[in-house]
>>> print(open('final-v3.tsv').read())   # TSV, C-alpha atoms
chain	number	residue	atom	x	y	z
U	21	MET	CA	151.18	141.85	78.11
U	22	THR	CA	154.63	142.66	79.46
U	23	ARG	CA	156.66	140.00	81.24
U	24	GLU	CA	155.93	141.79	84.54
U	25	PHE	CA	152.18	141.75	83.84
U	26	ILE	CA	152.15	138.05	82.87
U	27	ASP	CA	154.16	137.10	85.96
U	28	PHE	CA	151.82	139.13	88.19
U	29	VAL	CA	148.75	137.42	86.73
U	30	ASN	CA	150.23	133.94	87.15
U	31	ALA	CA	151.27	134.71	90.73
U	32	HIS	CA	147.73	135.81	91.68
U	33	LEU	CA	145.59	133.27	89.79
U	34	LYS	CA	144.04	131.96	93.00
U	35	ASP	CA	143.54	135.32	94.68
U	36	ASP	CA	140.20	136.97	95.40
U	37	THR	CA	139.81	139.34	92.44
U	38	SER	CA	137.64	141.78	94.42
U	39	ARG	CA	140.43	142.20	96.94
U	40	LEU	CA	142.97	142.61	94.15
U	41	LEU	CA	140.97	145.53	92.74
U	42	LEU	CA	140.88	147.16	96.18
U	43	SER	CA	144.64	146.74	96.53
U	44	ALA	CA	145.49	148.31	93.17
U	45	ALA	CA	147.45	151.17	94.85
U	46	ARG	CA	150.00	148.61	96.09
U	47	TYR	CA	150.92	147.75	92.50
U	48	PRO	CA	151.27	151.06	90.63
U	49	SER	CA	152.95	149.45	87.60
U	50	ILE	CA	150.06	147.02	87.03
U	51	ASP	CA	146.76	147.87	85.34
U	52	MET	CA	144.71	146.03	87.95
U	53	GLY	CA	141.46	146.06	85.95
U	54	ALA	CA	143.24	144.39	83.03
U	55	ALA	CA	144.96	141.94	85.38
U	56	VAL	CA	141.68	140.87	86.99
U	57	GLN	CA	140.13	140.47	83.54
U	58	GLN	CA	143.03	138.24	82.53
U	59	ILE	CA	142.87	136.19	85.74
U	60	GLU	CA	139.14	135.57	85.32
U	61	GLY	CA	139.69	134.68	81.66
U	62	LEU	CA	142.36	132.14	82.56
U	63	ARG	CA	140.07	130.56	85.13
U	64	THR	CA	137.33	130.18	82.52
U	65	ALA	CA	139.82	128.81	80.00
U	66	VAL	CA	140.56	125.78	82.17
U	67	GLU	CA	137.18	124.31	81.22
U	68	LYS	CA	136.11	126.31	78.17
U	69	TRP	CA	139.31	126.88	76.12
U	70	PRO	CA	142.00	124.60	77.60
U	71	SER	CA	144.42	124.79	74.66
U	72	LEU	CA	144.71	128.58	75.08
U	73	LEU	CA	146.46	128.01	78.39
U	74	LYS	CA	149.53	127.01	76.40
U	75	CYS	CA	149.80	130.57	75.06
U	76	ARG	CA	150.95	132.83	77.92
U	77	GLU	CA	150.43	135.96	75.82
U	78	PHE	CA	146.79	135.28	74.92
U	79	GLU	CA	144.63	138.18	76.13
U	80	TYR	CA	141.09	137.57	77.34
U	81	PRO	CA	138.25	140.03	76.64
U	82	PRO	CA	135.67	141.38	79.14
U	83	ARG	CA	133.27	138.98	80.85
U	84	LEU	CA	130.30	139.48	78.51
U	85	ASN	CA	132.40	138.58	75.46
U	86	ARG	CA	133.76	135.51	77.24
U	87	GLU	CA	130.26	134.38	78.20
U	88	GLN	CA	128.98	134.83	74.63
U	89	SER	CA	131.91	132.98	73.07
U	90	SER	CA	131.80	129.43	71.77
U	91	SER	CA	133.67	126.84	73.76
U	92	GLU	CA	136.81	125.40	72.21
U	93	TRP	CA	135.10	122.05	71.62
U	94	THR	CA	132.01	123.47	69.90
U	95	ALA	CA	134.19	125.79	67.78
U	96	ARG	CA	136.31	122.85	66.64
U	97	HIS	CA	133.17	120.91	65.80
U	98	LYS	CA	132.04	123.74	63.50
U	99	ALA	CA	135.49	123.73	61.90
U	100	LYS	CA	135.13	119.99	61.31
U	101	VAL	CA	131.77	120.61	59.59
U	102	ALA	CA	133.42	123.29	57.44
U	103	GLU	CA	136.15	120.83	56.44
U	104	GLU	CA	133.54	118.29	55.33
U	105	LEU	CA	131.66	120.92	53.32
U	106	CYS	CA	134.84	121.93	51.50
U	107	ARG	CA	136.46	118.52	51.15
U	108	GLY	CA	138.86	118.38	48.21
U	109	LYS	CA	139.67	122.11	48.13
U	110	GLU	CA	143.23	123.21	48.71
U	111	LEU	CA	142.27	126.69	49.92
U	112	ILE	CA	139.16	127.51	51.93
U	113	ALA	CA	138.01	131.13	52.39
U	114	ILE	CA	135.88	131.68	55.48
U	115	ALA	CA	134.22	134.87	56.72
U	116	ASP	CA	133.30	135.03	60.41
U	117	LEU	CA	130.83	137.91	60.47
U	118	THR	CA	130.37	138.05	64.24
U	119	GLY	CA	133.96	137.80	65.43
U	120	GLY	CA	133.61	138.55	69.15
U	121	MET	CA	136.28	136.87	71.24
U	122	GLY	CA	137.43	135.05	68.11
U	123	ILE	CA	137.29	131.42	69.25
U	124	ASP	CA	135.42	130.33	66.10
U	125	SER	CA	137.82	132.26	63.86
U	126	ILE	CA	140.76	130.62	65.61
U	127	ALA	CA	139.25	127.15	65.09
U	128	PHE	CA	138.64	127.88	61.40
U	129	ALA	CA	142.19	129.23	61.01
U	130	GLN	CA	143.70	126.14	62.62
U	131	MET	CA	141.99	123.77	60.18
U	132	GLN	CA	145.07	123.84	57.96
U	133	GLN	CA	147.19	122.31	60.71
U	134	GLY	CA	145.45	118.95	60.70
U	135	ASN	CA	144.25	118.27	57.18
U	136	GLY	CA	147.15	117.43	54.85
U	137	GLY	CA	147.95	120.46	52.74
U	138	MET	CA	144.64	122.29	53.07
U	139	GLU	CA	144.93	125.99	53.84
U	140	THR	CA	142.39	128.44	55.16
U	141	GLU	CA	141.97	132.19	54.97
U	142	VAL	CA	139.74	133.66	57.65
U	143	ALA	CA	138.15	137.10	57.55
U	144	TYR	CA	137.29	138.10	61.13
U	145	VAL	CA	134.68	140.89	61.09
U	146	GLU	CA	133.75	142.79	64.25
U	147	ARG	CA	132.39	146.29	64.89
U	148	ASN	CA	133.94	146.60	68.38
U	149	ALA	CA	137.32	148.28	67.86
U	150	ASP	CA	138.77	146.94	71.13
U	151	LEU	CA	137.93	143.36	70.21
U	152	CYS	CA	139.49	143.87	66.78
U	153	ARG	CA	142.78	145.04	68.29
U	154	LEU	CA	142.63	142.14	70.74
U	155	MET	CA	142.10	139.65	67.90
U	156	GLU	CA	145.07	141.07	66.00
U	157	ARG	CA	147.35	140.59	69.00
U	158	ASN	CA	145.99	137.15	69.84
U	159	ALA	CA	146.28	135.90	66.26
U	160	LYS	CA	149.91	136.99	66.30
U	161	SER	CA	150.51	135.30	69.67
U	162	LEU	CA	149.03	132.06	68.35
U	163	GLY	CA	151.04	132.25	65.12
U	164	LEU	CA	147.92	132.50	62.96
U	165	ASP	CA	148.86	134.79	60.11
U	166	ASN	CA	145.88	133.56	58.07
U	167	ILE	CA	143.36	135.63	60.07
U	168	LYS	CA	142.64	139.09	58.65
U	169	VAL	CA	140.77	141.48	60.94
U	170	HIS	CA	138.10	143.81	59.55
U	171	GLU	CA	136.54	146.46	61.79
U	172	GLY	CA	132.98	147.57	61.03
U	173	ASN	CA	129.41	146.49	60.44
U	174	SER	CA	129.62	142.96	59.04
U	175	ILE	CA	126.58	143.25	56.74
U	176	GLU	CA	127.88	146.48	55.23
U	177	TRP	CA	131.35	144.94	54.88
U	178	LEU	CA	129.96	141.87	53.13
U	179	ALA	CA	127.89	143.95	50.72
U	180	LEU	CA	131.09	145.69	49.56
U	181	GLU	CA	133.14	142.49	49.30
U	182	LYS	CA	133.89	141.48	45.74
U	183	ARG	CA	135.07	137.94	46.44
U	184	MET	CA	133.06	134.81	47.15
U	185	TYR	CA	133.61	132.81	50.32
U	186	ASP	CA	133.38	129.06	50.70
U	187	ILE	CA	131.89	129.46	54.19
U	188	ILE	CA	130.12	132.43	55.72
U	189	TYR	CA	129.63	131.96	59.44
U	190	ILE	CA	127.35	134.18	61.51
U	191	ASP	CA	126.34	134.04	65.18
U	192	PRO	CA	123.82	136.88	65.72
U	193	ALA	CA	123.67	138.58	69.11
U	194	ARG	CA	120.78	137.11	71.08
U	195	ARG	CA	119.94	139.98	73.42
U	196	SER	CA	117.38	142.71	72.89
U	197	ALA	CA	118.10	146.41	73.37
U	198	GLN	CA	116.76	145.98	76.92
U	199	GLY	CA	119.22	143.14	77.62
U	200	ARG	CA	116.57	140.41	77.47
U	201	LYS	CA	117.57	137.06	75.96
U	202	VAL	CA	115.90	136.33	72.61
U	203	SER	CA	115.99	133.32	70.32
U	204	ALA	CA	114.01	133.99	67.10
U	205	PHE	CA	116.10	135.07	64.10
U	206	GLU	CA	114.04	138.24	63.61
U	207	ASP	CA	114.78	139.37	67.18
U	208	CYS	CA	118.56	138.91	66.94
U	209	GLU	CA	121.19	141.38	65.74
U	210	PRO	CA	121.75	141.27	62.86
U	211	ASN	CA	118.41	139.94	61.66
U	212	ILE	CA	119.69	137.32	59.23
U	213	LEU	CA	116.26	136.91	57.62
U	214	GLU	CA	116.55	140.46	56.26
U	215	HIS	CA	120.02	139.78	54.88
U	216	PHE	CA	119.82	136.11	53.95
U	217	GLN	CA	119.93	136.67	50.20
U	218	LEU	CA	123.10	138.73	50.63
U	219	LEU	CA	124.67	136.00	52.76
U	220	ARG	CA	123.82	133.35	50.17
U	221	SER	CA	125.06	135.47	47.28
U	222	LYS	CA	128.51	135.81	48.88
U	223	GLY	CA	128.93	132.31	50.31
U	224	GLN	CA	128.72	128.83	48.87
U	225	TRP	CA	127.66	127.71	52.34
U	226	VAL	CA	126.16	129.80	55.13
U	227	MET	CA	126.53	128.50	58.69
U	228	VAL	CA	124.14	130.12	61.17
U	229	LYS	CA	124.57	129.58	64.88
U	230	ALA	CA	121.24	129.91	66.68
U	231	SER	CA	120.02	129.89	70.25
U	232	PRO	CA	119.49	126.49	71.90
U	233	MET	CA	115.93	127.77	72.44
U	234	ILE	CA	115.23	128.26	68.71
U	235	ASP	CA	112.00	126.79	67.34
U	236	LEU	CA	113.54	124.21	65.01
U	237	LYS	CA	110.55	123.70	62.74
U	238	MET	CA	109.94	127.42	62.32
U	239	ALA	CA	113.63	128.13	61.65
U	240	LEU	CA	113.78	125.48	58.92
U	241	GLY	CA	110.80	127.09	57.23
U	242	GLN	CA	112.25	130.60	57.51
U	243	LEU	CA	115.68	129.79	56.11
U	244	GLY	CA	115.05	127.33	53.33
U	245	GLU	CA	117.95	125.58	51.55
U	246	VAL	CA	119.00	123.99	54.85
U	247	ALA	CA	121.27	121.07	54.04
U	248	ALA	CA	121.93	120.11	57.64
U	249	VAL	CA	121.26	121.05	61.23
U	250	TYR	CA	123.72	120.29	64.02
U	251	ILE	CA	122.31	120.22	67.55
U	252	VAL	CA	125.22	120.13	69.97
U	253	SER	CA	125.06	119.14	73.61
U	254	VAL	CA	127.89	118.97	76.13
U	255	LYS	CA	127.46	116.88	79.28
U	256	GLY	CA	123.71	116.76	78.81
U	257	GLU	CA	123.20	120.49	78.17
U	258	CYS	CA	122.19	121.79	74.74
U	259	LYS	CA	124.82	124.39	73.83
U	260	GLU	CA	124.05	125.44	70.27
U	261	VAL	CA	122.09	124.78	67.12
U	262	VAL	CA	123.89	125.35	63.80
U	263	PHE	CA	122.09	125.53	60.45
U	264	VAL	CA	124.11	124.81	57.29
U	265	CYS	CA	122.47	126.47	54.29
U	266	GLY	CA	123.35	125.97	50.65
U	267	ALA	CA	122.38	124.20	47.44
U	268	HIS	CA	121.95	120.48	48.10
U	269	GLU	CA	120.00	117.43	47.01
U	270	GLY	CA	117.67	115.42	49.17
U	271	GLU	CA	116.25	116.12	52.60
U	272	THR	CA	117.71	118.14	55.42
U	273	MET	CA	119.88	115.97	57.64
U	274	ILE	CA	119.53	116.60	61.37
U	275	HIS	CA	122.53	115.61	63.46
U	276	CYS	CA	122.53	115.36	67.25
U	277	ILE	CA	126.10	115.71	68.49
U	278	MET	CA	126.40	114.62	72.11
U	279	LYS	CA	129.66	115.12	73.99
U	280	GLY	CA	130.00	113.40	77.31
U	281	GLY	CA	132.93	112.94	79.64
U	282	ASP	CA	134.42	110.01	77.72
U	283	GLY	CA	133.76	110.87	74.10
U	284	CYS	CA	131.26	112.05	71.53
U	285	ASP	CA	128.26	110.35	69.92
U	286	GLU	CA	126.26	111.30	66.85
U	287	TRP	CA	122.63	110.42	66.09
U	288	SER	CA	121.28	111.51	62.69
U	289	PHE	CA	117.95	111.36	60.88
U	290	THR	CA	115.75	113.09	58.31
U	291	PRO	CA	112.34	114.69	58.99
U	292	SER	CA	110.61	112.02	56.86
U	293	GLU	CA	112.12	109.25	59.01
U	294	GLU	CA	110.54	110.82	62.08
U	295	ALA	CA	107.24	111.40	60.29
U	296	ASN	CA	107.05	107.72	59.27
U	297	ALA	CA	108.23	106.26	62.59
U	298	GLN	CA	105.71	104.14	64.50
U	299	PRO	CA	106.22	104.37	68.27
U	300	GLN	CA	105.06	101.77	70.75
U	301	TYR	CA	103.42	102.93	73.95
U	302	CYS	CA	103.75	101.12	77.26
U	303	THR	CA	100.81	99.97	79.35
U	304	THR	CA	102.97	99.40	82.42
U	305	ILE	CA	106.35	100.80	83.33
U	306	GLY	CA	109.36	98.52	82.73
U	307	GLN	CA	112.38	98.00	84.94
U	308	TYR	CA	114.30	100.78	83.19
U	309	LEU	CA	113.32	104.38	82.49
U	310	TYR	CA	115.09	106.57	79.93
U	311	GLU	CA	115.40	110.33	79.62
U	312	PRO	CA	116.97	111.34	76.26
U	313	ASP	CA	119.96	113.65	76.03
U	314	ALA	CA	119.21	117.36	75.61
U	315	ALA	CA	120.20	117.23	71.93
U	316	LEU	CA	117.72	114.41	71.28
U	317	MET	CA	115.02	116.29	73.17
U	318	LYS	CA	115.71	119.36	71.02
U	319	CYS	CA	115.64	117.52	67.69
U	320	GLY	CA	112.04	116.37	68.21
U	321	ALA	CA	112.50	112.81	66.88
U	322	PHE	CA	110.43	111.39	69.72
U	323	ASN	CA	108.85	108.58	67.70
U	324	LEU	CA	112.09	107.57	65.99
U	325	ILE	CA	114.02	107.34	69.27
U	326	GLY	CA	111.76	104.58	70.55
U	327	GLN	CA	111.60	102.76	67.22
U	328	ARG	CA	115.35	102.72	66.64
U	329	MET	CA	116.22	101.70	70.18
U	330	GLY	CA	113.41	99.23	70.71
U	331	ILE	CA	111.99	100.98	73.79
U	332	LYS	CA	108.45	102.09	74.54
U	333	LYS	CA	107.18	105.61	75.00
U	334	LEU	CA	105.26	106.42	78.18
U	335	ALA	CA	102.64	108.54	76.40
U	336	ARG	CA	102.24	110.61	73.24
U	337	ASN	CA	103.39	113.80	74.96
U	338	THR	CA	105.66	112.19	77.55
U	339	HIS	CA	109.16	112.09	76.13
U	340	LEU	CA	110.38	109.35	78.44
U	341	TYR	CA	110.84	105.71	77.50
U	342	THR	CA	110.88	102.35	79.24
U	343	SER	CA	111.93	98.74	78.76
U	344	ASP	CA	112.24	95.55	80.82
U	345	HIS	CA	115.85	95.00	79.78
U	346	CYS	CA	118.57	97.64	79.81
U	347	CYS	CA	119.01	99.34	76.43
U	348	GLN	CA	122.65	100.15	75.76
U	349	PRO	CA	123.99	102.38	74.46
U	350	PHE	CA	121.36	104.96	75.29
U	351	TRP	CA	122.15	108.64	74.79
U	352	GLY	CA	120.82	110.29	77.90
U	353	ARG	CA	120.04	109.19	81.45
U	354	THR	CA	119.09	105.61	82.29
U	355	PHE	CA	117.24	105.03	85.57
U	356	TYR	CA	116.50	101.78	87.37
U	357	VAL	CA	112.90	101.83	88.59
U	358	LEU	CA	112.65	100.78	92.23
U	359	ARG	CA	108.91	101.32	92.65
U	360	GLU	CA	105.94	103.44	91.75
U	361	LEU	CA	105.18	106.25	94.18
U	362	LYS	CA	102.02	107.97	95.27
U	363	VAL	CA	102.71	111.68	94.81
U	364	SER	CA	102.15	112.75	98.40
U	365	ARG	CA	104.40	114.06	101.15
U	366	LYS	CA	103.29	111.30	103.53
U	367	GLU	CA	104.17	108.54	101.05
U	368	VAL	CA	107.50	110.09	100.09
U	369	THR	CA	108.51	110.68	103.72
U	370	LYS	CA	107.89	107.02	104.50
U	371	ILE	CA	109.87	105.78	101.51
U	372	ILE	CA	112.65	108.40	101.67
U	373	PRO	CA	113.09	109.07	105.41
U	374	GLU	CA	116.37	110.91	104.86
U	375	GLY	CA	114.41	113.56	102.95
U	376	LYS	CA	116.85	113.96	100.06
U	377	ALA	CA	116.25	113.18	96.41
U	378	HIS	CA	116.47	114.72	92.96
U	379	VAL	CA	113.11	115.46	91.32
U	380	VAL	CA	112.47	115.20	87.57
U	381	THR	CA	109.18	116.12	85.90
U	382	ARG	CA	108.16	115.34	82.32
U	383	ASN	CA	104.63	116.02	81.04
U	384	TYR	CA	103.54	116.74	84.60
U	385	PRO	CA	101.49	119.76	85.74
U	386	VAL	CA	103.97	120.84	88.45
U	387	GLU	CA	107.55	121.93	87.78
U	388	ALA	CA	110.37	119.98	89.41
U	389	ALA	CA	111.40	122.65	91.94
U	390	ALA	CA	107.82	123.24	93.09
U	391	LEU	CA	107.12	119.50	93.38
U	392	GLN	CA	110.29	119.03	95.39
U	393	ARG	CA	109.03	121.60	97.91
U	394	GLN	CA	105.55	120.03	98.00
U	395	LEU	CA	107.06	116.64	98.81
U	396	GLY	CA	109.32	118.09	101.50
U	397	LEU	CA	112.49	116.94	99.76
U	398	GLN	CA	115.92	118.56	99.74
U	399	GLU	CA	118.10	118.40	96.64
U	400	GLY	CA	120.77	115.74	96.91
U	401	GLY	CA	121.35	112.10	97.59
U	402	GLU	CA	121.37	109.26	95.07
U	403	LEU	CA	117.65	108.71	94.61
U	404	TYR	CA	115.41	110.24	91.94
U	405	VAL	CA	111.69	110.91	91.97
U	406	VAL	CA	110.46	111.02	88.37
U	407	ALA	CA	106.96	112.48	88.09
U	408	THR	CA	105.28	112.01	84.73
U	409	THR	CA	102.27	110.76	82.77
U	410	VAL	CA	101.86	107.11	81.75
U	411	GLY	CA	98.96	106.80	79.34
U	412	GLY	CA	96.60	109.39	80.80
U	413	ARG	CA	97.61	108.76	84.41
U	414	LYS	CA	99.72	111.15	86.50
U	415	THR	CA	102.18	109.24	88.67
U	416	ALA	CA	105.77	109.10	89.92
U	417	PHE	CA	108.56	106.56	90.19
U	418	LEU	CA	111.37	106.13	92.67
U	419	CYS	CA	114.56	105.50	90.73
U	420	CYS	CA	118.31	105.13	91.11
U	421	TRP	CA	121.24	104.66	88.74
U	422	PRO	CA	121.60	101.09	87.41
U	423	THR	CA	125.04	100.87	89.04
U	424	GLN	CA	123.48	101.44	92.46
U	425	ILE	CA	120.72	98.84	92.34
U	426	GLU	CA	122.11	96.70	95.16
U	427	SER	CA	122.16	99.64	97.56
U	428	PHE	CA	118.48	100.40	97.12
U	429	LEU	CA	116.73	97.08	96.50
U	430	ASP	CA	115.15	97.30	99.97
U	431	ARG	CA	113.23	100.38	98.77
U	432	LYS	CA	110.93	98.05	96.85
>>> encode(input="final-v3.tsv", output="structure tokens")
Amino acid sequence: MTREFIDFVNAHLKDDTSRLLLSAARYPSIDMGAAVQQIEGLRTAVEKWPSLLKCREFEYPPRLNREQSSSEWTARHKAKVAEELCRGKELIAIADLTGGMGIDSIAFAQMQQGNGGMETEVAYVERNADLCRLMERNAKSLGLDNIKVHEGNSIEWLALEKRMYDIIYIDPARRSAQGRKVSAFEDCEPNILEHFQLLRSKGQWVMVKASPMIDLKMALGQLGEVAAVYIVSVKGECKEVVFVCGAHEGETMIHCIMKGGDGCDEWSFTPSEEANAQPQYCTTIGQYLYEPDAALMKCGAFNLIGQRMGIKKLARNTHLYTSDHCCQPFWGRTFYVLRELKVSRKEVTKIIPEGKAHVVTRNYPVEAAALQRQLGLQEGGELYVVATTVGGRKTAFLCCWPTQIESFLDRK
């Protein structure tokens, strides 16, 4: 990261990186592969790690490590959870057993900067030697002298560690040997189920980051001692599920953390609250239709959502809701129902002559993309066709956003 290299990268941030690689001979003093890697990393950082842009010397790893890394926001959320778990302690020792790009370690190390007098010591553990050297340089560039890098197998390293940690954080690799994405704990590397007793013996709290596709009920049964689960969504997409394991009293708390464009909302409950909730089912569709945020869909509190918000469920297995009056705030998408539709190309062509609409399917035998083709619709426009089941009846509704009602009232 010489001054010449940094200046070259900044001067070519908007260039076609494929062409840059082909023109490497024109710049003999520049490692073009490293420059392209840095340029692509900086482009990703704009959305994923914006604060890193302030550090000109920060070096970005290869694409796969960038893709697998936490975002800055989700990493800081985990650091906030760690702070709450260790409230009152002056020094917090944290071991990040799956270091990777190091975004989580950085967030843990920066906890001391915003919490009056609290200090953190972070052990970053990673078996990839190149990533370890990168983390050492980046920690120095960021002024984080409280990160200590350990190269090697994290489970073997932990078994030899003599000290206890307040937090042990682990994010197992979720790809099989064949490169296929996996989600179950036993299919990840390392298999934390095999080593869970070791993790618990060396950490007061164990934080496990899991795939957004994890079977929540099964995972809770496999881990045991789960004090809390954090299901995190960003702009309507479920990004991660984090299990906090340790000795605790009472039920597991499940927290849905939903970050939108303007802020962040939290919706929490216990499994017994969901088990005891009594949903109401609609007989006819109301003026408003609700699709819960991805975090709420993941948490499985489908009865409690309707009960708490005073809205009716369309059917037992249809996780959409309705009401005659607009329910606000609602965490997810709120549609204004213009009319019920017969699910046929002829009907849809008559109602939507421009041939553009978004298609949503919930508890419907045809997937959204296939139904869109069957109806002869192109993706786009401001209208939505929501195909679903009300009671035992398959049907669809033409919808728009509540803010656009006036534009589409003639569609009734």
>>> residues_around(input="final-v3.tsv", residues="region 371-382 of chain U", least_positions_apart="4", cutoff="7 Å", atoms="only C-alpha atoms", output="ChimeraX atom specification")
/U:338,367,387-388,392,396-408,431
>>> write_last_selection(input="final-v3.tsv", atoms="C-alpha atoms", output="PDB file, keeping the file's coordinate frame")
ATOM      1  CA  THR U 338     105.660 112.190  77.550  1.00  0.00           C
ATOM      2  CA  GLU U 367     104.170 108.540 101.050  1.00  0.00           C
ATOM      3  CA  GLU U 387     107.550 121.930  87.780  1.00  0.00           C
ATOM      4  CA  ALA U 388     110.370 119.980  89.410  1.00  0.00           C
ATOM      5  CA  GLN U 392     110.290 119.030  95.390  1.00  0.00           C
ATOM      6  CA  GLY U 396     109.320 118.090 101.500  1.00  0.00           C
ATOM      7  CA  LEU U 397     112.490 116.940  99.760  1.00  0.00           C
ATOM      8  CA  GLN U 398     115.920 118.560  99.740  1.00  0.00           C
ATOM      9  CA  GLU U 399     118.100 118.400  96.640  1.00  0.00           C
ATOM     10  CA  GLY U 400     120.770 115.740  96.910  1.00  0.00           C
ATOM     11  CA  GLY U 401     121.350 112.100  97.590  1.00  0.00           C
ATOM     12  CA  GLU U 402     121.370 109.260  95.070  1.00  0.00           C
ATOM     13  CA  LEU U 403     117.650 108.710  94.610  1.00  0.00           C
ATOM     14  CA  TYR U 404     115.410 110.240  91.940  1.00  0.00           C
ATOM     15  CA  VAL U 405     111.690 110.910  91.970  1.00  0.00           C
ATOM     16  CA  VAL U 406     110.460 111.020  88.370  1.00  0.00           C
ATOM     17  CA  ALA U 407     106.960 112.480  88.090  1.00  0.00           C
ATOM     18  CA  THR U 408     105.280 112.010  84.730  1.00  0.00           C
ATOM     19  CA  ARG U 431     113.230 100.380  98.770  1.00  0.00           C
TER      20      ARG U 431
END
>>> residues_around(input="final-v3.tsv", residues="Asn166 (chain U)", least_positions_apart="6", cutoff="9 Å", atoms="all atoms listed in the file", output="CSV table (one decimal) with C-alpha atoms, keeping the file's coordinate frame")
chain,number,residue,atom,x,y,z
U,129,ALA,CA,142.2,129.2,61.0
U,130,GLN,CA,143.7,126.1,62.6
U,139,GLU,CA,144.9,126.0,53.8
U,140,THR,CA,142.4,128.4,55.2
U,141,GLU,CA,142.0,132.2,55.0
U,142,VAL,CA,139.7,133.7,57.6
U,143,ALA,CA,138.2,137.1,57.6
U,159,ALA,CA,146.3,135.9,66.3
>>> closest_residue(input="final-v3.tsv", among="U:Gln224, U:Ser90, U:Thr37, U:Gln58", to="Ile112 (chain U)", atoms="all atoms listed in the file")
U:Gln224
>>> closest_residue(input="final-v3.tsv", among="U:Ala314, U:Cys284, U:Met138, U:Leu340", to="Glu257 (chain U)", atoms="only C-alpha atoms")
U:Ala314
>>> closest_residue(input="final-v3.tsv", among="U:Asp124, U:Ser91, U:Arg83, U:Ile305", to="Lys68 (chain U)", atoms="all atoms listed in the file")
U:Ser91
>>> closest_residue(input="final-v3.tsv", among="U:Ser253, U:Ser43, U:Thr354, U:Ser125", to="Asp285 (chain U)", atoms="only C-alpha atoms")
U:Ser253
>>> residues_around(input="final-v3.tsv", residues="region 178-190 of chain U", least_positions_apart="6", cutoff="7 Å", atoms="only C-alpha atoms", output="list in words")
Ile112, Ala113, Ile114, Ala115, Asp116, Leu117, Thr118, Lys222, Gly223, Gln224, Trp225, Val226, Met227, Val228 and Lys229 of chain U
>>> write_last_selection(input="final-v3.tsv", atoms="C-alpha atoms", output="CSV table (one decimal), keeping the file's coordinate frame")
chain,number,residue,atom,x,y,z
U,112,ILE,CA,139.2,127.5,51.9
U,113,ALA,CA,138.0,131.1,52.4
U,114,ILE,CA,135.9,131.7,55.5
U,115,ALA,CA,134.2,134.9,56.7
U,116,ASP,CA,133.3,135.0,60.4
U,117,LEU,CA,130.8,137.9,60.5
U,118,THR,CA,130.4,138.0,64.2
U,222,LYS,CA,128.5,135.8,48.9
U,223,GLY,CA,128.9,132.3,50.3
U,224,GLN,CA,128.7,128.8,48.9
U,225,TRP,CA,127.7,127.7,52.3
U,226,VAL,CA,126.2,129.8,55.1
U,227,MET,CA,126.5,128.5,58.7
U,228,VAL,CA,124.1,130.1,61.2
U,229,LYS,CA,124.6,129.6,64.9
>>> residues_around(input="final-v3.tsv", residues="region 359-366 of chain U", least_positions_apart="4", cutoff="7 Å", atoms="only C-alpha atoms", output="list in words")
Lys370, Gln394, Leu395, Gly396, Thr415, Ala416, Phe417, Leu418 and Lys432 of chain U
>>> residues_near_point(input="final-v3.tsv", point="(133.7, 145.8, 63.4)", cutoff="9 Å", atoms="only C-alpha atoms", output="NGL selection string")
:U and (117-119 or 144-149 or 151-152 or 169-174 or 177)
>>> write_last_selection(input="final-v3.tsv", atoms="C-alpha atoms", output="short mmCIF file (atom, residue, chain, number, x, y, z; two decimals), in the frame of the given file")
data_model
loop_
_atom_site.label_atom_id
_atom_site.label_comp_id
_atom_site.auth_asym_id
_atom_site.auth_seq_id
_atom_site.Cartn_x
_atom_site.Cartn_y
_atom_site.Cartn_z
CA LEU U 117 130.83 137.91 60.47
CA THR U 118 130.37 138.05 64.24
CA GLY U 119 133.96 137.80 65.43
CA TYR U 144 137.29 138.10 61.13
CA VAL U 145 134.68 140.89 61.09
CA GLU U 146 133.75 142.79 64.25
CA ARG U 147 132.39 146.29 64.89
CA ASN U 148 133.94 146.60 68.38
CA ALA U 149 137.32 148.28 67.86
CA LEU U 151 137.93 143.36 70.21
CA CYS U 152 139.49 143.87 66.78
CA VAL U 169 140.77 141.48 60.94
CA HIS U 170 138.10 143.81 59.55
CA GLU U 171 136.54 146.46 61.79
CA GLY U 172 132.98 147.57 61.03
CA ASN U 173 129.41 146.49 60.44
CA SER U 174 129.62 142.96 59.04
CA TRP U 177 131.35 144.94 54.88
#
>>> closest_residue(input="final-v3.tsv", among="U:Leu309, U:Val262, U:Leu164, U:Ile277", to="Thr342 (chain U)", atoms="all atoms listed in the file")
U:Leu309
>>> closest_residue(input="final-v3.tsv", among="U:Gly163, U:Pro232, U:Gly412, U:Gly61", to="Met121 (chain U)", atoms="only C-alpha atoms")
U:Gly61
>>> residues_around(input="final-v3.tsv", residues="region 270-272 of chain U", least_positions_apart="5", cutoff="7 Å", atoms="all atoms listed in the file", output="JSON, numbers by chain")
{"U": [246, 247, 248, 290]}
>>> atom_distance(input="final-v3.tsv", atom1="CA of Phe428 (chain U)", atom2="CA of Thr369 (chain U)")
15.8 Å
>>> atom_distance(input="final-v3.tsv", atom1="CA of Trp93 (chain U)", atom2="CA of Ala321 (chain U)")
24.9 Å
>>> atom_distance(input="final-v3.tsv", atom1="CA of Ala267 (chain U)", atom2="CA of Leu240 (chain U)")
14.4 Å
>>> axis_aligned_box(input="final-v3.tsv", around="region 413-423 of chain U", padding_each_side="5 Å", output="AutoDock Vina command-line options")
--center_x 111.3 --center_y 106.0 --center_z 88.5 --size_x 37.4 --size_y 20.3 --size_z 18.3
>>> residues_near_point(input="final-v3.tsv", point="(117.0, 125.0, 70.8)", cutoff="12 Å", atoms="only C-alpha atoms", output="ChimeraX atom specification")
/U:202-204,229-239,249-253,257-263,276,314-320
